[in-house]
Number of protein chains: 2
Amino acid sequence: MAMAPQARRAGRPRSAVLGRARITAAARRIIEARGYPALTMSALARSLGVSPSALYNHAASKQQLLQWIQEDVMAGVDSSGFGRLPLDDALRLWATSYRDVFARHAPLVPVIAVLPVAGSPRTLRMYEDVAAGFLGAGWAEEDVAAAIIATESFIFGSALDATAPLDIFDAGEHAARFPAFSGAVARQRASGMPSAEAAFGLGLEALIAGLMTRGPGGPAASRSSS
Amino acid sequence: MAMAPQARRAGRPRSAVLGRARITAAARRIIEARGYPALTMSALARSLGVSPSALYNHAASKQQLLQWIQEDVMAGVDSSGFGRLPLDDALRLWATSYRDVFARHAPLVPVIAVLPVAGSPRTLRMYEDVAAGFLGAGWAEEDVAAAIIATESFIFGSALDATAPLDIFDAGEHAARFPAFSGAVARQRASGMPSAEAAFGLGLEALIAGLMTRGPGGPAASRSSS
DNA sequence: ACCTGAACACCGTTCAAGT
DNA sequence: ACCTGAACACCGTTCAAGT
């Protein structure tokens, strides 16, 4: 998979061997093949045939590298439904693709959740589609940002949950002391669907249904008392 | 804050100076005072007046230490409403306290999201309360686990979001290219409420409203006769 | 400008030796 | 059983030297 790295002397090469695109692609290959723990600056440099310090001529830090990856990965999120499909269908398409992408990139979730959007044009493009979808469906402008962020929070949490071991909710030896929960988990498991899939499906439908009651037809904005 | 560490020779002390409870308490003091990045095994050992390797006589790894902290922190989550309040009110109380606790412990979220519950009796106790609440409200057993996990996913995502910088959704110089989203963000900000709070409130109400339509009797019975 | 190679300041963790 | 102190195998990152 990796090119056989040619020996190279110190000094500026004739043409730059790195650059953001090549570095990001190499990082994604490592993640795909061996997972996030294998993504070290050292391993990344080796796969590119350079020394680790060379990377710092392009990326300011590993954190920045992760931001590049995030921006790249975001291309897999499908926000094409907004303005074209009914809002609930567009939300389903968006949320499902968004969760699927970040379930495969769970270590990015804590990074992206805290990352200013200004540095990520592709992410902004996506938010623009979603916001336009809400507004086009007649939503009050003051609720749109909160609705987007809330949906995204559910998506991020669900992406993390999707990476959990299948038996994460097994009470094991304590099962008898927690009969309601153990029974519910056993019953859910008997359905054959992984709990993360069932939870995402049920939660997404509930969230969308709840959001729809806030749309132009619904009982507008009760002030929440929390 | 830390006791002046007395010099101690190698060899077994008369009485154990560590133990899970003391280690966990010391870790929480460090987190409280200086945040998660400051929680290193070395700093923890120093605050306890021992050498770093001494910790490994009690905790198998830093990962296990984080699990102890998680279990300890979980005591702050309020699941006392289930079986006592109407289900929607109990869910509000539970979700709000749960999010608040983990907003202050965001680095635990990726840990806990993937952690088998069997090792955490306090977490199981909490799930038992929630499951009993759903069942007591007449929910079908097969939906309970998914409903709990879905709500928790929203909580975890919201906890991460709560740690984001206040201006995370500012498009900055690109604002003009993304007018729908930028307008929505500006309008939300004008309300004076931090976007994370607005999103959690709106999302929680939507999710609960959506879940209630799935309660006993199907999509008609969302009544909470308190 | 963009690379190498050595070095730095950490990490978590292991283990022999001590009582 | 439970501690110390030295060591190990990493990390990400910096920087002088080279072209």
# chains A, B, ... in the order shown; residues from 1 in each chain; ligands from 1

call {"tool": "residues_around", "arguments": {"residues": "DA1 (chain C)", "least_positions_apart": "2", "cutoff": "10 Å", "atoms": "only C-alpha atoms (C1' of nucleotides)", "output": "number ranges by chain"}}
result
A: 11-13, 16, 57; C: 3

call {"tool": "write_last_selection", "arguments": {"atoms": "C-alpha atoms (C1' of nucleotides)", "output": "PDB file, in the first residue's frame"}}
result
ATOM      1  CA  GLY A  11      17.202  20.241   1.975  1.00  0.00           C
ATOM      2  CA  ARG A  12      14.344  21.516  -0.063  1.00  0.00           C
ATOM      3  CA  PRO A  13      13.120  18.996  -2.635  1.00  0.00           C
ATOM      4  CA  ALA A  16       6.993  19.858  -2.517  1.00  0.00           C
ATOM      5  CA  ASN A  57       5.905  22.709   7.612  1.00  0.00           C
TER       6      ASN A  57
ATOM      7  C1'  DC C   3      13.252  18.868   4.034  1.00  0.00           C
TER       8       DC C   3
END

call {"tool": "interface_residues", "arguments": {"of": "chain D", "to": "chain A", "cutoff": "10 Å", "atoms": "only C-alpha atoms (C1' of nucleotides)", "output": "VMD selection string"}}
result
chain D and resid 11 to 15 17 to 19

call {"tool": "closest_residue", "arguments": {"among": "B:Ala162, B:Ile23, B:Val117, B:Val111", "to": "chain A", "atoms": "only C-alpha atoms"}}
result
B:Val117

call {"tool": "interface_residues", "arguments": {"of": "chain B", "to": "chain A", "cutoff": "6 Å", "atoms": "only C-alpha atoms", "output": "ChimeraX atom specification"}}
result
/B:113-114,116-118,128,131-132,141-142,144-146,149-150,153-154,156-158,161,164,168-169,171-172,178,180-181,184-185,187-188,198-199,203,206-207,209-211

call {"tool": "closest_residue", "arguments": {"among": "B:Gln70, B:Leu65, B:Ile30, B:Trp139", "to": "His105 (chain B)", "atoms": "only C-alpha atoms"}}
result
B:Gln70

call {"tool": "atom_distance", "arguments": {"atom1": "CA of Asp72 (chain B)", "atom2": "CA of Phe102 (chain B)"}}
result
11.8 Å

call {"tool": "atom_distance", "arguments": {"atom1": "CA of Arg122 (chain B)", "atom2": "CA of Ala21 (chain B)"}}
result
14.9 Å

call {"tool": "select_by_dssp", "arguments": {"residues": "chain A", "states": "alpha helix (DSSP H)", "output": "ChimeraX atom specification"}}
result
/A:20-34,41-48,62-73,87-103,109-112,121-136,141-162,179-190,195-212
